[in-house]
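S.K.: Sharing a structure, written as structure tokens. Questions coming.
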Amino acid sequence: MMVLAVMTMSIAAQTEKEARQWLKQGEWRNGFTKAKPHKTLNTKEFQEQYKKNTAQWQALFRWLEETDLQIIAKGKHPIPNSTLTASVEDSSNQPLEERNTESHKRKADFQLVVSGTEGFALLDHETSTVSVPYDEKKDVMRYTYDKERTHFFEVKGGQFVIFFPSDWHIAKIQTKKKDQNIRVIVVKMDYIE
């Protein structure tokens with residue numbers, strides 16, 4: 001039994017190492033140079049989703065590279081050669097108490113910070129519980145959480161994060177920066193099981 005556990009851990013570590021190498025090599029970029037992934041990115045999940053739906057990810061990165069993200073009008077923009085829509089948001093971070101928790105089942109949240117610094121949080125699964133059951137129409141579930149067991153982090157302009165269904169999260173949380181204004185590109189990517 002112990003040998004099986006060690007072998008399983010070794011395979012998982014090797015898979016994670018391969019995913020980090022894949023991310024570093026950058027084939028996924030499809031020419032995209034405007035931002036880099038934040039260190040919290042689940043590289044293994046990203047690699048798996050990219051392989052399952054390569055055309056959609058390539059369309060996203062091509063559109064991001066070909067679009068002037070600083071001047072494009074806020075609002076919804078269809079991404080050519082895909083079913084994707086980019087939401088360009090000019091907004092600001094808010095106090096934690098004013099922000100909602102969320103996770104999704106059918107979508108992964110791709111969020112690129114164009115300018116400013118956005119505050120985020122990842123919820124601890126052991127101490128968080130569902131507070132609002134899954135809404136099929138909106139593809140969202142809400143949680144109560146223990147602030148002390150929550151991982152808070154900041155994403156600066158020129159970085160992106162991707163929240164997969166297992167990433168229970170909070171976005172647009174007030175940071176310690178003087179300026180809370182942000183420009184963010186949000187794209188709901190299809191999640192393939």
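Within each chain, counting starts at residue 1; across the structure tokens, chains are named A, B, ... in the order shown, with ligands numbered 1 upward in that order.
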Could you name the residues that touch Val113 of chain A at 8 Å or less, counting only C-alpha atoms, but leaving out those on the same chain fewer than 4 positions away, as number ranges by chain?

M.R.: A: 117-118, 155-160, 182-185

S.K.: I want to know what sits within 12 Å of Lys137 of chain A, based on only C-alpha atoms, with residues of the same chain fewer than 4 positions away left out; could you give that as a PDB file with C-alpha atoms, in the first residue's frame?

M.R.:
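Wrote it out as out33.pdb, contents follow:
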```pdb
ATOM      1  CA  HIS A 104     -18.195  27.617 -11.763  1.00  0.00           C
ATOM      2  CA  LYS A 105     -18.825  24.170 -13.203  1.00  0.00           C
ATOM      3  CA  ARG A 106     -18.997  24.784 -16.967  1.00  0.00           C
ATOM      4  CA  PRO A 133     -26.375  26.375  -4.089  1.00  0.00           C
ATOM      5  CA  MET A 141     -21.970  28.781  -6.642  1.00  0.00           C
TER       6      MET A 141
END
```

S.K.: Which of these residues is nearest to Lys188 of chain A, using only C-alpha atoms: A:Leu122, A:Ile72, A:Leu60, A:Leu96?

M.R.: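 The shortest atom-to-atom distance to Lys188 of chain A comes from A:Leu60.
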
S.K.: Per residue of segment 68-115 of chain A within 12 Å of segment 38-49 of chain A, which atom pair is closest and at what distance in Å (one decimal), using only C-alpha atoms, listed by chain and increasing number, as JSON lines?

M.R.:
```
{"residue": "A:Lys107", "atom": "CA", "partner": "A:Gln49", "partner_atom": "CA", "distance": 10.9}
{"residue": "A:Ala108", "atom": "CA", "partner": "A:Gln49", "partner_atom": "CA", "distance": 9.5}
{"residue": "A:Asp109", "atom": "CA", "partner": "A:Phe46", "partner_atom": "CA", "distance": 11.5}
{"residue": "A:Phe110", "atom": "CA", "partner": "A:Leu41", "partner_atom": "CA", "distance": 10.5}
{"residue": "A:Gln111", "atom": "CA", "partner": "A:His38", "partner_atom": "CA", "distance": 10.4}
{"residue": "A:Leu112", "atom": "CA", "partner": "A:His38", "partner_atom": "CA", "distance": 9.6}
{"residue": "A:Val113", "atom": "CA", "partner": "A:His38", "partner_atom": "CA", "distance": 10.3}
```

S.K.: Just to be explicit: take each residue in the selection above, keep all heavy atoms, and write the result as an mmCIF file, in the first residue's frame.

M.R.:
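Writing the result to selection-v1.cif gives the following:
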```
data_model
loop_
_atom_site.group_PDB
_atom_site.id
_atom_site.type_symbol
_atom_site.label_atom_id
_atom_site.label_comp_id
_atom_site.auth_asym_id
_atom_site.auth_seq_id
_atom_site.Cartn_x
_atom_site.Cartn_y
_atom_site.Cartn_z
ATOM 1 N N LYS A 107 -17.492 26.685 -16.821
ATOM 2 C CA LYS A 107 -16.570 27.690 -17.355
ATOM 3 C C LYS A 107 -15.344 27.838 -16.462
ATOM 4 O O LYS A 107 -15.386 27.551 -15.267
ATOM 5 C CB LYS A 107 -17.250 29.055 -17.473
ATOM 6 C CG LYS A 107 -18.466 29.080 -18.376
ATOM 7 C CD LYS A 107 -18.099 28.924 -19.834
ATOM 8 C CE LYS A 107 -19.340 28.976 -20.722
ATOM 9 N NZ LYS A 107 -19.013 28.831 -22.122
ATOM 10 N N ALA A 108 -14.268 28.309 -17.070
ATOM 11 C CA ALA A 108 -13.066 28.723 -16.338
ATOM 12 C C ALA A 108 -12.945 30.221 -16.562
ATOM 13 O O ALA A 108 -13.146 30.704 -17.675
ATOM 14 C CB ALA A 108 -11.838 27.995 -16.860
ATOM 15 N N ASP A 109 -12.655 30.960 -15.510
ATOM 16 C CA ASP A 109 -12.503 32.412 -15.606
ATOM 17 C C ASP A 109 -11.070 32.759 -15.987
ATOM 18 O O ASP A 109 -10.152 32.565 -15.192
ATOM 19 C CB ASP A 109 -12.795 33.089 -14.259
ATOM 20 C CG ASP A 109 -14.263 33.228 -13.963
ATOM 21 O OD1 ASP A 109 -15.081 33.080 -14.881
ATOM 22 O OD2 ASP A 109 -14.598 33.500 -12.796
ATOM 23 N N PHE A 110 -10.895 33.295 -17.186
ATOM 24 C CA PHE A 110 -9.602 33.841 -17.598
ATOM 25 C C PHE A 110 -9.668 35.331 -17.306
ATOM 26 O O PHE A 110 -10.575 36.020 -17.778
ATOM 27 C CB PHE A 110 -9.367 33.598 -19.092
ATOM 28 C CG PHE A 110 -8.114 34.253 -19.603
ATOM 29 C CD1 PHE A 110 -6.915 33.563 -19.613
ATOM 30 C CD2 PHE A 110 -8.125 35.565 -20.051
ATOM 31 C CE1 PHE A 110 -5.747 34.170 -20.074
ATOM 32 C CE2 PHE A 110 -6.971 36.182 -20.509
ATOM 33 C CZ PHE A 110 -5.776 35.474 -20.513
ATOM 34 N N GLN A 111 -8.722 35.840 -16.505
ATOM 35 C CA GLN A 111 -8.738 37.250 -16.134
ATOM 36 C C GLN A 111 -7.347 37.844 -16.314
ATOM 37 O O GLN A 111 -6.406 37.449 -15.630
ATOM 38 C CB GLN A 111 -9.213 37.413 -14.691
ATOM 39 C CG GLN A 111 -10.613 36.862 -14.509
ATOM 40 C CD GLN A 111 -11.241 37.253 -13.191
ATOM 41 O OE1 GLN A 111 -10.892 38.262 -12.593
ATOM 42 N NE2 GLN A 111 -12.185 36.456 -12.732
ATOM 43 N N LEU A 112 -7.252 38.792 -17.250
ATOM 44 C CA LEU A 112 -5.997 39.467 -17.533
ATOM 45 C C LEU A 112 -6.094 40.894 -17.008
ATOM 46 O O LEU A 112 -7.013 41.629 -17.381
ATOM 47 C CB LEU A 112 -5.728 39.470 -19.040
ATOM 48 C CG LEU A 112 -4.379 40.036 -19.481
ATOM 49 C CD1 LEU A 112 -3.944 39.374 -20.775
ATOM 50 C CD2 LEU A 112 -4.396 41.533 -19.669
ATOM 51 N N VAL A 113 -5.167 41.269 -16.149
ATOM 52 C CA VAL A 113 -5.122 42.635 -15.638
ATOM 53 C C VAL A 113 -4.306 43.464 -16.630
ATOM 54 O O VAL A 113 -3.122 43.211 -16.831
ATOM 55 C CB VAL A 113 -4.507 42.693 -14.224
ATOM 56 C CG1 VAL A 113 -4.454 44.131 -13.723
ATOM 57 C CG2 VAL A 113 -5.322 41.823 -13.256
#
```

S.K.: Which residue is closest to Asn53 of chain A? Choose from A:Gly119, A:Ser82, A:Gly31, A:Glu154 and count only C-alpha atoms.

M.R.: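 Of all the options, A:Ser82 lies closest to Asn53 of chain A.
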
S.K.: For Trp63 of chain A, list every protein, DNA or RNA residue within 9 Å, evaluated using only C-alpha atoms, and leave out those in the same chain fewer than 3 positions away; present the list as a ChimeraX atom specification.

M.R.: /A:32,58-60,66-67,79-80

S.K.: Pick from A:Val114, A:Gln174, A:Gln56, A:Ala86: nearest to Leu69 of chain A, with only C-alpha atoms counted?

M.R.: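 Selected residue with least distance to Leu69 of chain A: A:Val114.
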
S.K.: Check the DSSP output for the backbone and give back, as a PyMOL selection string, the residues of chain A in helix (DSSP H, G or I).

M.R.: chain A and resi 2-25+27-29+43-52+54-66+96-98+147-149

S.K.: Pick out the closest residue to Val132 of chain A from this set: A:Asn100, A:His151, A:Met189, A:Gly116. Count only C-alpha atoms.

M.R.: A:Asn100

S.K.: Give me the residues near Phe61 of chain A as a ChimeraX atom specification, where near means some atom within 7 Å (using only C-alpha atoms) and where sequence neighbours in that chain fewer than 4 positions away do not count.

M.R.: /A:29-30,32,57,65

S.K.: Could the residues in this selection be saved with N, CA and C atoms as a short mmCIF file (atom, residue, chain, number, x, y, z; two decimals), in the first residue's frame?

M.R.:
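And here's out_12.cif as it stands now:
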```
data_model
loop_
_atom_site.label_atom_id
_atom_site.label_comp_id
_atom_site.auth_asym_id
_atom_site.auth_seq_id
_atom_site.Cartn_x
_atom_site.Cartn_y
_atom_site.Cartn_z
N ARG A 29 1.13 30.10 -26.11
CA ARG A 29 1.00 31.55 -26.31
C ARG A 29 0.42 31.93 -27.68
N ASN A 30 0.67 31.09 -28.70
CA ASN A 30 0.17 31.40 -30.04
C ASN A 30 0.55 32.83 -30.45
N PHE A 32 1.24 35.28 -28.36
CA PHE A 32 0.81 36.23 -27.34
C PHE A 32 1.99 36.62 -26.42
N TRP A 57 -8.50 28.23 -27.03
CA TRP A 57 -7.40 28.93 -26.36
C TRP A 57 -6.56 29.71 -27.37
N GLU A 65 -3.45 39.33 -28.43
CA GLU A 65 -2.23 39.89 -29.02
C GLU A 65 -2.55 40.94 -30.09
#
```

S.K.: Identify which of the residues A:Lys36, A:Arg142, A:Lys178, A:Lys52 lies closest to Glu102 of chain A, counting only C-alpha atoms when measuring atom-to-atom distances.

M.R.: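 Ranking A:Lys36, A:Arg142, A:Lys178, A:Lys52 by distance to Glu102 of chain A, first place goes to A:Arg142.
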
S.K.: Got a sec to tell me which of segment 29-136 of chain A DSSP assigns to strand (DSSP E or B), as a tab-separated table (two decimals) with all heavy atoms, in the first residue's frame?

M.R.:
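Now in part_28.tsv:
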```tsv
chain	number	residue	atom	x	y	z
A	36	LYS	N	1.96	37.66	-18.78
A	36	LYS	CA	2.46	36.36	-18.35
A	36	LYS	C	1.54	35.81	-17.27
A	36	LYS	O	0.84	36.56	-16.58
A	36	LYS	CB	3.89	36.49	-17.83
A	36	LYS	CG	4.04	37.39	-16.63
A	36	LYS	CD	5.50	37.50	-16.22
A	36	LYS	CE	5.60	38.43	-15.01
A	36	LYS	NZ	6.95	38.55	-14.52
A	37	PRO	N	1.56	34.48	-17.10
A	37	PRO	CA	0.70	33.89	-16.08
A	37	PRO	C	1.18	34.24	-14.67
A	37	PRO	O	2.38	34.31	-14.42
A	37	PRO	CB	0.80	32.40	-16.35
A	37	PRO	CG	2.02	32.21	-17.17
A	37	PRO	CD	2.29	33.49	-17.87
A	75	GLY	N	-16.80	46.99	-22.32
A	75	GLY	CA	-17.99	46.28	-22.78
A	75	GLY	C	-17.64	44.91	-23.31
A	75	GLY	O	-16.55	44.41	-23.11
A	76	LYS	N	-18.61	44.32	-23.99
A	76	LYS	CA	-18.46	42.95	-24.52
A	76	LYS	C	-17.96	42.99	-25.96
A	76	LYS	O	-18.44	43.78	-26.77
A	76	LYS	CB	-19.80	42.23	-24.48
A	76	LYS	CG	-20.47	42.24	-23.13
A	76	LYS	CD	-20.00	41.12	-22.28
A	76	LYS	CE	-20.82	41.07	-20.99
A	76	LYS	NZ	-20.21	40.27	-19.99
A	77	HIS	N	-16.99	42.11	-26.25
A	77	HIS	CA	-16.40	42.03	-27.59
A	77	HIS	C	-16.30	40.56	-28.01
A	77	HIS	O	-15.63	39.78	-27.33
A	77	HIS	CB	-15.01	42.65	-27.60
A	77	HIS	CG	-15.00	44.10	-27.22
A	77	HIS	ND1	-15.15	45.10	-28.14
A	77	HIS	CD2	-14.89	44.70	-26.00
A	77	HIS	CE1	-15.12	46.28	-27.52
A	77	HIS	NE2	-14.96	46.06	-26.22
A	78	PRO	N	-16.96	40.18	-29.11
A	78	PRO	CA	-16.82	38.80	-29.58
A	78	PRO	C	-15.39	38.54	-30.05
A	78	PRO	O	-14.76	39.41	-30.65
A	78	PRO	CB	-17.82	38.71	-30.74
A	78	PRO	CG	-18.12	40.11	-31.14
A	78	PRO	CD	-17.82	40.99	-29.96
A	85	THR	N	-16.56	35.50	-25.78
A	85	THR	CA	-16.78	36.93	-25.67
A	85	THR	C	-15.85	37.47	-24.60
A	85	THR	O	-15.79	36.92	-23.49
A	85	THR	CB	-18.24	37.24	-25.28
A	85	THR	OG1	-19.09	36.71	-26.29
A	85	THR	CG2	-18.47	38.73	-25.14
A	86	ALA	N	-15.13	38.53	-24.93
A	86	ALA	CA	-14.26	39.18	-23.94
A	86	ALA	C	-15.03	40.33	-23.30
A	86	ALA	O	-15.66	41.12	-23.99
A	86	ALA	CB	-13.00	39.72	-24.62
A	87	SER	N	-14.98	40.38	-22.00
A	87	SER	CA	-15.59	41.48	-21.26
A	87	SER	C	-14.47	42.41	-20.82
A	87	SER	O	-13.59	42.02	-20.05
A	87	SER	CB	-16.34	40.94	-20.03
A	87	SER	OG	-16.89	42.00	-19.29
A	88	VAL	N	-14.47	43.64	-21.37
A	88	VAL	CA	-13.47	44.63	-21.01
A	88	VAL	C	-14.07	45.48	-19.90
A	88	VAL	O	-15.09	46.13	-20.09
A	88	VAL	CB	-13.09	45.51	-22.23
A	88	VAL	CG1	-12.06	46.56	-21.83
A	88	VAL	CG2	-12.56	44.63	-23.36
A	89	GLU	N	-13.43	45.45	-18.73
A	89	GLU	CA	-13.99	46.10	-17.54
A	89	GLU	C	-13.05	47.17	-17.01
A	89	GLU	O	-11.89	46.89	-16.73
A	89	GLU	CB	-14.25	45.06	-16.45
A	89	GLU	CG	-15.18	43.94	-16.90
A	89	GLU	CD	-15.35	42.84	-15.87
A	89	GLU	OE1	-14.84	42.98	-14.74
A	89	GLU	OE2	-15.98	41.81	-16.21
A	90	ASP	N	-13.57	48.37	-16.88
A	90	ASP	CA	-12.89	49.45	-16.16
A	90	ASP	C	-13.63	49.59	-14.85
A	90	ASP	O	-14.79	50.03	-14.82
A	90	ASP	CB	-12.95	50.77	-16.95
A	90	ASP	CG	-12.10	50.73	-18.20
A	90	ASP	OD1	-11.00	50.13	-18.15
A	90	ASP	OD2	-12.51	51.28	-19.23
A	91	SER	N	-12.99	49.18	-13.76
A	91	SER	CA	-13.67	49.19	-12.47
A	91	SER	C	-12.65	49.43	-11.37
A	91	SER	O	-11.55	49.89	-11.64
A	91	SER	CB	-14.42	47.87	-12.26
A	91	SER	OG	-13.55	46.77	-12.32
A	92	SER	N	-13.02	49.10	-10.16
A	92	SER	CA	-12.09	49.28	-9.05
A	92	SER	C	-12.26	48.17	-8.04
A	92	SER	O	-13.32	47.54	-7.94
A	92	SER	CB	-12.31	50.65	-8.39
A	92	SER	OG	-13.63	50.74	-7.90
A	94	GLN	N	-12.71	46.62	-4.32
A	94	GLN	CA	-13.60	47.01	-3.23
A	94	GLN	C	-13.21	46.28	-1.96
A	94	GLN	O	-12.53	45.25	-2.01
A	94	GLN	CB	-15.05	46.70	-3.60
A	94	GLN	CG	-15.53	47.40	-4.84
A	94	GLN	CD	-16.90	46.88	-5.29
A	94	GLN	OE1	-17.33	45.80	-4.94
A	94	GLN	NE2	-17.58	47.68	-6.09
A	101	THR	N	-17.99	35.57	-3.25
A	101	THR	CA	-17.23	34.36	-3.57
A	101	THR	C	-17.88	33.72	-4.78
A	101	THR	O	-19.05	33.98	-5.08
A	101	THR	CB	-17.27	33.37	-2.40
A	101	THR	OG1	-18.64	33.02	-2.15
A	101	THR	CG2	-16.64	33.95	-1.15
A	102	GLU	N	-17.12	32.87	-5.48
A	102	GLU	CA	-17.73	32.17	-6.60
A	102	GLU	C	-16.87	31.00	-7.05
A	102	GLU	O	-15.67	30.95	-6.81
A	102	GLU	CB	-17.97	33.10	-7.79
A	102	GLU	CG	-16.71	33.68	-8.40
A	102	GLU	CD	-17.03	34.65	-9.54
A	102	GLU	OE1	-17.82	35.59	-9.34
A	102	GLU	OE2	-16.45	34.45	-10.63
A	103	SER	N	-17.54	30.06	-7.70
A	103	SER	CA	-16.89	29.03	-8.50
A	103	SER	C	-17.87	28.68	-9.61
A	103	SER	O	-19.05	29.07	-9.56
A	103	SER	CB	-16.52	27.81	-7.67
A	103	SER	OG	-17.67	27.07	-7.32
A	107	LYS	N	-17.49	26.68	-16.82
A	107	LYS	CA	-16.57	27.69	-17.35
A	107	LYS	C	-15.34	27.84	-16.46
A	107	LYS	O	-15.39	27.55	-15.27
A	107	LYS	CB	-17.25	29.06	-17.47
A	107	LYS	CG	-18.47	29.08	-18.38
A	107	LYS	CD	-18.10	28.92	-19.83
A	107	LYS	CE	-19.34	28.98	-20.72
A	107	LYS	NZ	-19.01	28.83	-22.12
A	108	ALA	N	-14.27	28.31	-17.07
A	108	ALA	CA	-13.07	28.72	-16.34
A	108	ALA	C	-12.94	30.22	-16.56
A	108	ALA	O	-13.15	30.70	-17.67
A	108	ALA	CB	-11.84	28.00	-16.86
A	109	ASP	N	-12.65	30.96	-15.51
A	109	ASP	CA	-12.50	32.41	-15.61
A	109	ASP	C	-11.07	32.76	-15.99
A	109	ASP	O	-10.15	32.56	-15.19
A	109	ASP	CB	-12.79	33.09	-14.26
A	109	ASP	CG	-14.26	33.23	-13.96
A	109	ASP	OD1	-15.08	33.08	-14.88
A	109	ASP	OD2	-14.60	33.50	-12.80
A	110	PHE	N	-10.89	33.29	-17.19
A	110	PHE	CA	-9.60	33.84	-17.60
A	110	PHE	C	-9.67	35.33	-17.31
A	110	PHE	O	-10.57	36.02	-17.78
A	110	PHE	CB	-9.37	33.60	-19.09
A	110	PHE	CG	-8.11	34.25	-19.60
A	110	PHE	CD1	-6.91	33.56	-19.61
A	110	PHE	CD2	-8.12	35.56	-20.05
A	110	PHE	CE1	-5.75	34.17	-20.07
A	110	PHE	CE2	-6.97	36.18	-20.51
A	110	PHE	CZ	-5.78	35.47	-20.51
A	111	GLN	N	-8.72	35.84	-16.50
A	111	GLN	CA	-8.74	37.25	-16.13
A	111	GLN	C	-7.35	37.84	-16.31
A	111	GLN	O	-6.41	37.45	-15.63
A	111	GLN	CB	-9.21	37.41	-14.69
A	111	GLN	CG	-10.61	36.86	-14.51
A	111	GLN	CD	-11.24	37.25	-13.19
A	111	GLN	OE1	-10.89	38.26	-12.59
A	111	GLN	NE2	-12.19	36.46	-12.73
A	112	LEU	N	-7.25	38.79	-17.25
A	112	LEU	CA	-6.00	39.47	-17.53
A	112	LEU	C	-6.09	40.89	-17.01
A	112	LEU	O	-7.01	41.63	-17.38
A	112	LEU	CB	-5.73	39.47	-19.04
A	112	LEU	CG	-4.38	40.04	-19.48
A	112	LEU	CD1	-3.94	39.37	-20.78
A	112	LEU	CD2	-4.40	41.53	-19.67
A	113	VAL	N	-5.17	41.27	-16.15
A	113	VAL	CA	-5.12	42.63	-15.64
A	113	VAL	C	-4.31	43.46	-16.63
A	113	VAL	O	-3.12	43.21	-16.83
A	113	VAL	CB	-4.51	42.69	-14.22
A	113	VAL	CG1	-4.45	44.13	-13.72
A	113	VAL	CG2	-5.32	41.82	-13.26
A	114	VAL	N	-4.97	44.42	-17.26
A	114	VAL	CA	-4.31	45.28	-18.24
A	114	VAL	C	-3.57	46.40	-17.53
A	114	VAL	O	-2.41	46.68	-17.84
A	114	VAL	CB	-5.34	45.87	-19.23
A	114	VAL	CG1	-4.67	46.83	-20.21
A	114	VAL	CG2	-6.07	44.75	-19.97
A	115	SER	N	-4.23	47.04	-16.57
A	115	SER	CA	-3.58	48.11	-15.80
A	115	SER	C	-4.11	48.12	-14.38
A	115	SER	O	-5.22	47.67	-14.11
A	115	SER	CB	-3.82	49.47	-16.47
A	115	SER	OG	-5.20	49.76	-16.53
A	117	THR	N	-3.65	47.07	-10.21
A	117	THR	CA	-3.37	45.84	-9.47
A	117	THR	C	-4.68	45.34	-8.89
A	117	THR	O	-5.35	46.06	-8.16
A	117	THR	CB	-2.37	46.10	-8.33
A	117	THR	OG1	-1.14	46.59	-8.89
A	117	THR	CG2	-2.09	44.84	-7.53
A	118	GLU	N	-5.05	44.11	-9.26
A	118	GLU	CA	-6.31	43.54	-8.77
A	118	GLU	C	-6.03	42.59	-7.62
A	118	GLU	O	-5.10	41.78	-7.67
A	118	GLU	CB	-7.03	42.80	-9.89
A	118	GLU	CG	-8.38	42.27	-9.47
A	118	GLU	CD	-9.20	41.70	-10.62
A	118	GLU	OE1	-8.73	41.71	-11.78
A	118	GLU	OE2	-10.32	41.24	-10.35
A	119	GLY	N	-6.85	42.69	-6.58
A	119	GLY	CA	-6.76	41.79	-5.44
A	119	GLY	C	-7.64	40.57	-5.65
A	119	GLY	O	-8.78	40.69	-6.12
A	120	PHE	N	-7.12	39.39	-5.32
A	120	PHE	CA	-7.85	38.13	-5.45
A	120	PHE	C	-7.72	37.32	-4.18
A	120	PHE	O	-6.84	37.56	-3.36
A	120	PHE	CB	-7.28	37.29	-6.60
A	120	PHE	CG	-7.56	37.81	-7.97
A	120	PHE	CD1	-6.61	38.56	-8.64
A	120	PHE	CD2	-8.77	37.54	-8.59
A	120	PHE	CE1	-6.86	39.03	-9.93
A	120	PHE	CE2	-9.02	38.02	-9.87
A	120	PHE	CZ	-8.07	38.76	-10.53
A	121	ALA	N	-8.56	36.30	-4.07
A	121	ALA	CA	-8.45	35.34	-2.98
A	121	ALA	C	-8.85	33.96	-3.49
A	121	ALA	O	-9.75	33.84	-4.32
A	121	ALA	CB	-9.35	35.74	-1.82
A	122	LEU	N	-8.17	32.95	-2.99
A	122	LEU	CA	-8.53	31.56	-3.22
A	122	LEU	C	-9.00	30.99	-1.88
A	122	LEU	O	-8.30	31.14	-0.86
A	122	LEU	CB	-7.34	30.76	-3.75
A	122	LEU	CG	-6.99	31.00	-5.21
A	122	LEU	CD1	-5.66	30.34	-5.56
A	122	LEU	CD2	-8.09	30.48	-6.13
A	129	THR	N	-17.80	26.46	3.01
A	129	THR	CA	-19.01	25.70	2.76
A	129	THR	C	-19.90	26.46	1.79
A	129	THR	O	-19.84	27.69	1.70
A	129	THR	CB	-19.80	25.45	4.07
A	129	THR	OG1	-20.09	26.71	4.69
A	129	THR	CG2	-19.01	24.59	5.05
A	130	VAL	N	-20.74	25.73	1.09
A	130	VAL	CA	-21.65	26.34	0.12
A	130	VAL	C	-22.67	27.18	0.87
A	130	VAL	O	-23.33	26.70	1.80
A	130	VAL	CB	-22.34	25.26	-0.73
A	130	VAL	CG1	-23.39	25.89	-1.64
A	130	VAL	CG2	-21.31	24.48	-1.54
A	131	SER	N	-22.80	28.45	0.48
A	131	SER	CA	-23.79	29.32	1.09
A	131	SER	C	-24.99	29.55	0.16
A	131	SER	O	-26.11	29.76	0.62
A	131	SER	CB	-23.18	30.67	1.47
A	131	SER	OG	-22.71	31.35	0.32
A	132	VAL	N	-24.74	29.52	-1.15
A	132	VAL	CA	-25.81	29.63	-2.15
A	132	VAL	C	-25.58	28.47	-3.13
A	132	VAL	O	-24.53	28.42	-3.79
A	132	VAL	CB	-25.76	30.99	-2.90
A	132	VAL	CG1	-26.84	31.02	-3.98
A	132	VAL	CG2	-25.93	32.14	-1.93
A	133	PRO	N	-26.55	27.54	-3.21
A	133	PRO	CA	-26.38	26.37	-4.09
A	133	PRO	C	-26.11	26.77	-5.54
A	133	PRO	O	-26.41	27.88	-5.96
A	133	PRO	CB	-27.71	25.63	-3.96
A	133	PRO	CG	-28.29	26.12	-2.68
A	133	PRO	CD	-27.82	27.53	-2.51
A	134	TYR	N	-25.59	25.83	-6.27
A	134	TYR	CA	-25.24	26.05	-7.67
A	134	TYR	C	-26.44	26.53	-8.47
A	134	TYR	O	-27.51	25.93	-8.43
A	134	TYR	CB	-24.68	24.76	-8.27
A	134	TYR	CG	-24.29	24.87	-9.72
A	134	TYR	CD1	-23.22	25.67	-10.10
A	134	TYR	CD2	-25.00	24.20	-10.70
A	134	TYR	CE1	-22.86	25.79	-11.43
A	134	TYR	CE2	-24.63	24.30	-12.04
A	134	TYR	CZ	-23.56	25.10	-12.39
A	134	TYR	OH	-23.21	25.22	-13.71
A	135	ASP	N	-26.25	27.61	-9.19
A	135	ASP	CA	-27.27	28.17	-10.08
A	135	ASP	C	-26.89	27.75	-11.50
A	135	ASP	O	-25.94	28.27	-12.08
A	135	ASP	CB	-27.29	29.70	-9.95
A	135	ASP	CG	-28.36	30.36	-10.81
A	135	ASP	OD1	-28.65	29.86	-11.92
A	135	ASP	OD2	-28.88	31.41	-10.38
```

S.K.: Given only C-alpha atoms as the basis, pick out the residue of A:Arg149, A:Lys177, A:Thr33, A:Leu123 nearest to Phe163 of chain A.

M.R.: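 Between A:Arg149, A:Lys177, A:Thr33, A:Leu123, the residue approaching Phe163 of chain A most closely is A:Leu123.
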